[in-house]
Amino acid sequence: MTIGYRADLPNYAGELFTASREQTPFLSMIGGLTNGGKISRNLNFPLASEYSLSAVAQPAITEAVAAAGPPAPNNYARSHTHNTCQIFQEGVQISYVTQATMGQMSDTIGNDNPVTNEKDFQIMLSLQTIARDVEYSFLHGAHAAYADEDSAFTTRGIVTAATSNTTAEGNADLTKDLFNAALVDAYTNGAKFMKPVIFCNAFQKTMFSNIYGYAPEDRNYGGVNIKTIETDFGVMGIVLEPHITASTVLVADLAVCSPVFCLVPGKPPLFYEDLGKAGAAELGQLFGLIGLDYGPEWMHLTMTGLSTS
């Protein structure tokens, strides 16, 4: 682990800004890292126990057949799906000199340091890093179950999981007809659309505004920002998601989505702890075992390979 020395963490005056995308809308809408979620006592946790009914039909049963006894039972079998909690971990190590010299500025322009405690600042940014990594993993994560201490175990993301209702659009522009066709396919495959929300990156967000927008006639006001659309399958919000690929649209049913935490005894889902002193420096870590419960994967849909220009 790299120690945070004064030369590596210079102090500057001025308001703090970053061009990095800090928003985690999907994670926030399903409960976040502190305000909700499910608890698992196992790294692997169940998503759903699924079954299928027999095809609908009109029975044609005679009196004699009915009197002879019931038909053979269908015996509806169930199948099981699961996902995995994975490790999210960040280290923080700050030298005593760095912590003692917050007034030592690295330039001569101003003397008001917006960071008054380097350790707290590094912990805050490490928390943001984990939240962004959780968001990306919940969207695009590839699954690997626990095998042994030398093998990484990872959670499956919802975009990766939604295999029943995914369409490859072949670089086509997003249109109403294309979107409606995807909704119809998902409904045919069993999607319930209980709490559907559309997640897309900047380009597809502008496409939704273009194809569903209606600008009022006003010489002083123009443009549209479509945040909700009415479809034949219910009302759907549209969320700008910076961590989804530009060519993908996700419709997630948030009614069945939740973070899952495998708790360390006596600890919250994601926690910081001091690990003691390492010479003239303080050492600590952020740690959590976190996974995504997305319910039955056929509750969601994705459109991939959309045009991005």
# chains A, B, ... in the order shown; residues from 1 in each chain; ligands from 1
>>> residues_around(residues="Ala278 (chain A)", least_positions_apart="6", cutoff="12 Å", atoms="only C-alpha atoms", output="JSON list (two decimals) with N, CA and C atoms, in the first residue's frame")
[["chain", "number", "residue", "atom", "x", "y", "z"],
["A", 1, "MET", "N", 0.84, -1.19, 0.00],
["A", 1, "MET", "CA", 0.00, 0.00, 0.00],
["A", 1, "MET", "C", 0.87, 1.23, 0.00],
["A", 2, "THR", "N", 0.52, 2.23, -0.78],
["A", 2, "THR", "CA", 1.29, 3.47, -0.86],
["A", 2, "THR", "C", 0.89, 4.41, 0.26],
["A", 3, "ILE", "N", 1.88, 4.89, 1.00],
["A", 3, "ILE", "CA", 1.63, 5.83, 2.09],
["A", 3, "ILE", "C", 1.38, 7.22, 1.50],
["A", 92, "VAL", "N", -6.43, 3.05, 3.25],
["A", 92, "VAL", "CA", -6.08, 4.45, 3.51],
["A", 92, "VAL", "C", -4.88, 4.46, 4.45],
["A", 93, "GLN", "N", -3.82, 5.15, 4.03],
["A", 93, "GLN", "CA", -2.62, 5.25, 4.86],
["A", 93, "GLN", "C", -2.02, 6.65, 4.70],
["A", 94, "ILE", "N", -2.01, 7.41, 5.79],
["A", 94, "ILE", "CA", -1.59, 8.81, 5.76],
["A", 94, "ILE", "C", -0.48, 9.01, 6.79],
["A", 95, "SER", "N", 0.59, 9.65, 6.35],
["A", 95, "SER", "CA", 1.71, 9.89, 7.27],
["A", 95, "SER", "C", 1.35, 10.96, 8.29],
["A", 96, "TYR", "N", 2.02, 10.93, 9.43],
["A", 96, "TYR", "CA", 1.82, 11.95, 10.44],
["A", 96, "TYR", "C", 2.18, 13.34, 9.90],
["A", 284, "GLY", "N", -5.60, 2.27, 7.66],
["A", 284, "GLY", "CA", -6.97, 1.83, 7.83],
["A", 284, "GLY", "C", -7.52, 1.25, 6.54]]
>>> residues_around(residues="region 205-221 of chain A", least_positions_apart="2", cutoff="9 Å", atoms="only C-alpha atoms", output="PDB file with C-alpha atoms, in the first residue's frame")
ATOM      1  CA  ASP A 173     -31.014   4.287 -33.991  1.00  0.00           C
ATOM      2  CA  LEU A 174     -33.301   4.136 -30.978  1.00  0.00           C
ATOM      3  CA  THR A 175     -36.898   4.640 -32.146  1.00  0.00           C
ATOM      4  CA  LYS A 176     -40.352   4.229 -30.632  1.00  0.00           C
ATOM      5  CA  PHE A 199     -31.416   3.526 -17.399  1.00  0.00           C
ATOM      6  CA  CYS A 200     -29.313   4.948 -20.237  1.00  0.00           C
ATOM      7  CA  ASN A 201     -26.212   7.005 -20.904  1.00  0.00           C
ATOM      8  CA  ALA A 202     -26.160  10.553 -22.276  1.00  0.00           C
ATOM      9  CA  PHE A 203     -26.637   9.781 -25.974  1.00  0.00           C
ATOM     10  CA  GLY A 223     -36.158  22.187 -25.679  1.00  0.00           C
ATOM     11  CA  VAL A 224     -37.339  19.074 -23.855  1.00  0.00           C
ATOM     12  CA  ASN A 225     -36.035  16.871 -21.068  1.00  0.00           C
ATOM     13  CA  ILE A 226     -38.176  13.737 -20.977  1.00  0.00           C
ATOM     14  CA  LYS A 227     -37.979  12.081 -17.547  1.00  0.00           C
ATOM     15  CA  ILE A 229     -42.927   8.158 -20.512  1.00  0.00           C
ATOM     16  CA  ILE A 238     -35.909   7.642 -17.469  1.00  0.00           C
ATOM     17  CA  VAL A 239     -32.656   7.949 -15.510  1.00  0.00           C
ATOM     18  CA  LEU A 240     -29.338   9.244 -16.819  1.00  0.00           C
TER      19      LEU A 240
END
>>> residues_around(residues="Asn75 (chain A)", least_positions_apart="2", cutoff="12 Å", atoms="only C-alpha atoms", output="list in words")
Tyr51, Ser52, Leu53, Ser54, Pro71, Ala72, Pro73, Ala77 and Arg78 of chain A
>>> write_last_selection(atoms="N, CA and C atoms", output="mmCIF file, in the first residue's frame")
data_model
loop_
_atom_site.group_PDB
_atom_site.id
_atom_site.type_symbol
_atom_site.label_atom_id
_atom_site.label_comp_id
_atom_site.auth_asym_id
_atom_site.auth_seq_id
_atom_site.Cartn_x
_atom_site.Cartn_y
_atom_site.Cartn_z
ATOM 1 N N TYR A 51 -40.835 -21.317 -11.347
ATOM 2 C CA TYR A 51 -41.612 -22.429 -11.878
ATOM 3 C C TYR A 51 -42.396 -21.939 -13.081
ATOM 4 N N SER A 52 -42.900 -22.857 -13.878
ATOM 5 C CA SER A 52 -43.722 -22.535 -15.041
ATOM 6 C C SER A 52 -45.009 -23.332 -14.987
ATOM 7 N N LEU A 53 -46.099 -22.677 -15.361
ATOM 8 C CA LEU A 53 -47.382 -23.357 -15.473
ATOM 9 C C LEU A 53 -47.498 -24.005 -16.852
ATOM 10 N N SER A 54 -48.357 -24.989 -16.968
ATOM 11 C CA SER A 54 -48.582 -25.608 -18.274
ATOM 12 C C SER A 54 -49.283 -24.624 -19.200
ATOM 13 N N PRO A 71 -56.889 -36.632 -14.178
ATOM 14 C CA PRO A 71 -55.759 -36.842 -15.086
ATOM 15 C C PRO A 71 -54.448 -36.925 -14.316
ATOM 16 N N ALA A 72 -53.427 -37.359 -15.001
ATOM 17 C CA ALA A 72 -52.100 -37.443 -14.369
ATOM 18 C C ALA A 72 -51.658 -36.058 -13.904
ATOM 19 N N PRO A 73 -51.071 -35.949 -12.724
ATOM 20 C CA PRO A 73 -50.632 -34.641 -12.220
ATOM 21 C C PRO A 73 -49.548 -34.038 -13.111
ATOM 22 N N ALA A 77 -42.323 -28.449 -11.315
ATOM 23 C CA ALA A 77 -40.981 -28.416 -10.733
ATOM 24 C C ALA A 77 -40.477 -26.980 -10.630
ATOM 25 N N ARG A 78 -39.592 -26.746 -9.692
ATOM 26 C CA ARG A 78 -39.001 -25.427 -9.488
ATOM 27 C C ARG A 78 -37.518 -25.464 -9.857
#
>>> residues_around(residues="region 291-295 of chain A", least_positions_apart="6", cutoff="10 Å", atoms="only C-alpha atoms", output="number ranges by chain")
A: 27, 30, 37-38, 40, 43-50, 81-88, 134-135, 137-139, 141, 154-158, 161-162, 252-262
>>> write_last_selection(atoms="C-alpha atoms", output="PDB file, in the first residue's frame")
ATOM      1  CA  LEU A  27     -27.487   1.865  -6.438  1.00  0.00           C
ATOM      2  CA  ILE A  30     -32.475   0.303  -4.807  1.00  0.00           C
ATOM      3  CA  GLY A  37     -30.866  -3.997   1.420  1.00  0.00           C
ATOM      4  CA  LYS A  38     -31.039  -7.642   2.382  1.00  0.00           C
ATOM      5  CA  SER A  40     -27.222 -12.916   3.818  1.00  0.00           C
ATOM      6  CA  LEU A  43     -21.668 -15.415   0.187  1.00  0.00           C
ATOM      7  CA  ASN A  44     -24.070 -17.119  -2.229  1.00  0.00           C
ATOM      8  CA  PHE A  45     -27.694 -16.025  -1.870  1.00  0.00           C
ATOM      9  CA  PRO A  46     -30.909 -17.012  -3.669  1.00  0.00           C
ATOM     10  CA  LEU A  47     -32.461 -14.773  -6.310  1.00  0.00           C
ATOM     11  CA  ALA A  48     -35.620 -16.703  -7.075  1.00  0.00           C
ATOM     12  CA  SER A  49     -37.247 -20.113  -6.995  1.00  0.00           C
ATOM     13  CA  GLU A  50     -38.916 -20.223 -10.400  1.00  0.00           C
ATOM     14  CA  THR A  81     -30.985 -19.068  -9.339  1.00  0.00           C
ATOM     15  CA  HIS A  82     -28.428 -17.340  -7.145  1.00  0.00           C
ATOM     16  CA  ASN A  83     -25.838 -14.586  -7.025  1.00  0.00           C
ATOM     17  CA  THR A  84     -22.767 -13.865  -4.886  1.00  0.00           C
ATOM     18  CA  CYS A  85     -21.582 -11.168  -2.498  1.00  0.00           C
ATOM     19  CA  GLN A  86     -18.089  -9.974  -3.345  1.00  0.00           C
ATOM     20  CA  ILE A  87     -15.367  -8.040  -1.556  1.00  0.00           C
ATOM     21  CA  PHE A  88     -15.156  -4.269  -1.926  1.00  0.00           C
ATOM     22  CA  VAL A 134     -20.508  -1.173  -6.744  1.00  0.00           C
ATOM     23  CA  GLU A 135     -22.623   0.695  -9.302  1.00  0.00           C
ATOM     24  CA  SER A 137     -20.532  -4.156 -10.789  1.00  0.00           C
ATOM     25  CA  PHE A 138     -24.303  -4.087 -10.245  1.00  0.00           C
ATOM     26  CA  LEU A 139     -24.720  -3.164 -13.908  1.00  0.00           C
ATOM     27  CA  GLY A 141     -20.475  -7.485 -13.292  1.00  0.00           C
ATOM     28  CA  THR A 154     -17.756 -11.590  -7.941  1.00  0.00           C
ATOM     29  CA  THR A 155     -21.397 -10.569  -8.233  1.00  0.00           C
ATOM     30  CA  ARG A 156     -23.417 -10.745 -11.456  1.00  0.00           C
ATOM     31  CA  GLY A 157     -24.714  -7.432 -12.800  1.00  0.00           C
ATOM     32  CA  ILE A 158     -28.226  -6.854 -14.060  1.00  0.00           C
ATOM     33  CA  ALA A 161     -27.991 -11.245 -16.203  1.00  0.00           C
ATOM     34  CA  ALA A 162     -30.878 -10.115 -18.451  1.00  0.00           C
ATOM     35  CA  ALA A 252     -34.931  -2.636 -14.776  1.00  0.00           C
ATOM     36  CA  ASP A 253     -37.884  -3.621 -12.618  1.00  0.00           C
ATOM     37  CA  LEU A 254     -36.783  -2.106  -9.322  1.00  0.00           C
ATOM     38  CA  ALA A 255     -39.542  -3.949  -7.469  1.00  0.00           C
ATOM     39  CA  VAL A 256     -37.282  -7.018  -7.379  1.00  0.00           C
ATOM     40  CA  CYS A 257     -33.860  -5.323  -7.042  1.00  0.00           C
ATOM     41  CA  SER A 258     -31.930  -4.889  -3.813  1.00  0.00           C
ATOM     42  CA  PRO A 259     -28.347  -4.799  -2.564  1.00  0.00           C
ATOM     43  CA  VAL A 260     -27.362  -7.795  -0.428  1.00  0.00           C
ATOM     44  CA  PHE A 261     -24.854  -7.587   2.420  1.00  0.00           C
ATOM     45  CA  CYS A 262     -22.945 -10.413   4.040  1.00  0.00           C
TER      46      CYS A 262
END
>>> select_by_dssp(residues="region 126-209 of chain A", states="strand (DSSP E or B)", output="list in words")
Ala144, Thr154, Thr166, Thr167, Ala168, Pro196, Val197, Ile198, Phe199 and Cys200 of chain A
>>> write_last_selection(atoms="N, CA and C atoms", output="tab-separated table (two decimals), in the first residue's frame")
chain	number	residue	atom	x	y	z
A	144	ALA	N	-18.72	-14.94	-10.49
A	144	ALA	CA	-17.84	-16.05	-10.13
A	144	ALA	C	-18.14	-16.40	-8.68
A	154	THR	N	-17.19	-12.85	-7.47
A	154	THR	CA	-17.76	-11.59	-7.94
A	154	THR	C	-19.26	-11.72	-8.17
A	166	THR	N	-33.02	-9.68	-24.08
A	166	THR	CA	-32.00	-8.79	-24.64
A	166	THR	C	-32.05	-8.84	-26.15
A	167	THR	N	-31.95	-7.69	-26.79
A	167	THR	CA	-31.96	-7.60	-28.25
A	167	THR	C	-30.72	-6.86	-28.71
A	168	ALA	N	-30.03	-7.45	-29.68
A	168	ALA	CA	-28.88	-6.80	-30.31
A	168	ALA	C	-29.39	-5.98	-31.48
A	196	PRO	N	-40.96	-0.40	-13.37
A	196	PRO	CA	-39.91	-0.31	-14.40
A	196	PRO	C	-39.28	1.07	-14.47
A	197	VAL	N	-37.97	1.08	-14.61
A	197	VAL	CA	-37.20	2.32	-14.77
A	197	VAL	C	-36.20	2.11	-15.90
A	198	ILE	N	-36.09	3.10	-16.78
A	198	ILE	CA	-35.16	3.05	-17.91
A	198	ILE	C	-33.85	3.70	-17.49
A	199	PHE	N	-32.74	2.99	-17.68
A	199	PHE	CA	-31.42	3.53	-17.40
A	199	PHE	C	-30.64	3.61	-18.72
A	200	CYS	N	-30.07	4.78	-19.00
A	200	CYS	CA	-29.31	4.95	-20.24
A	200	CYS	C	-28.27	6.03	-20.06
>>> closest_residue(among="A:Pro70, A:Gly170, A:Pro25, A:Pro269", to="Ile39 (chain A)", atoms="only C-alpha atoms")
A:Pro269
>>> residues_around(residues="Phe233 (chain A)", least_positions_apart="6", cutoff="9 Å", atoms="only C-alpha atoms", output="number ranges by chain")
A: 183-184, 187, 192-193
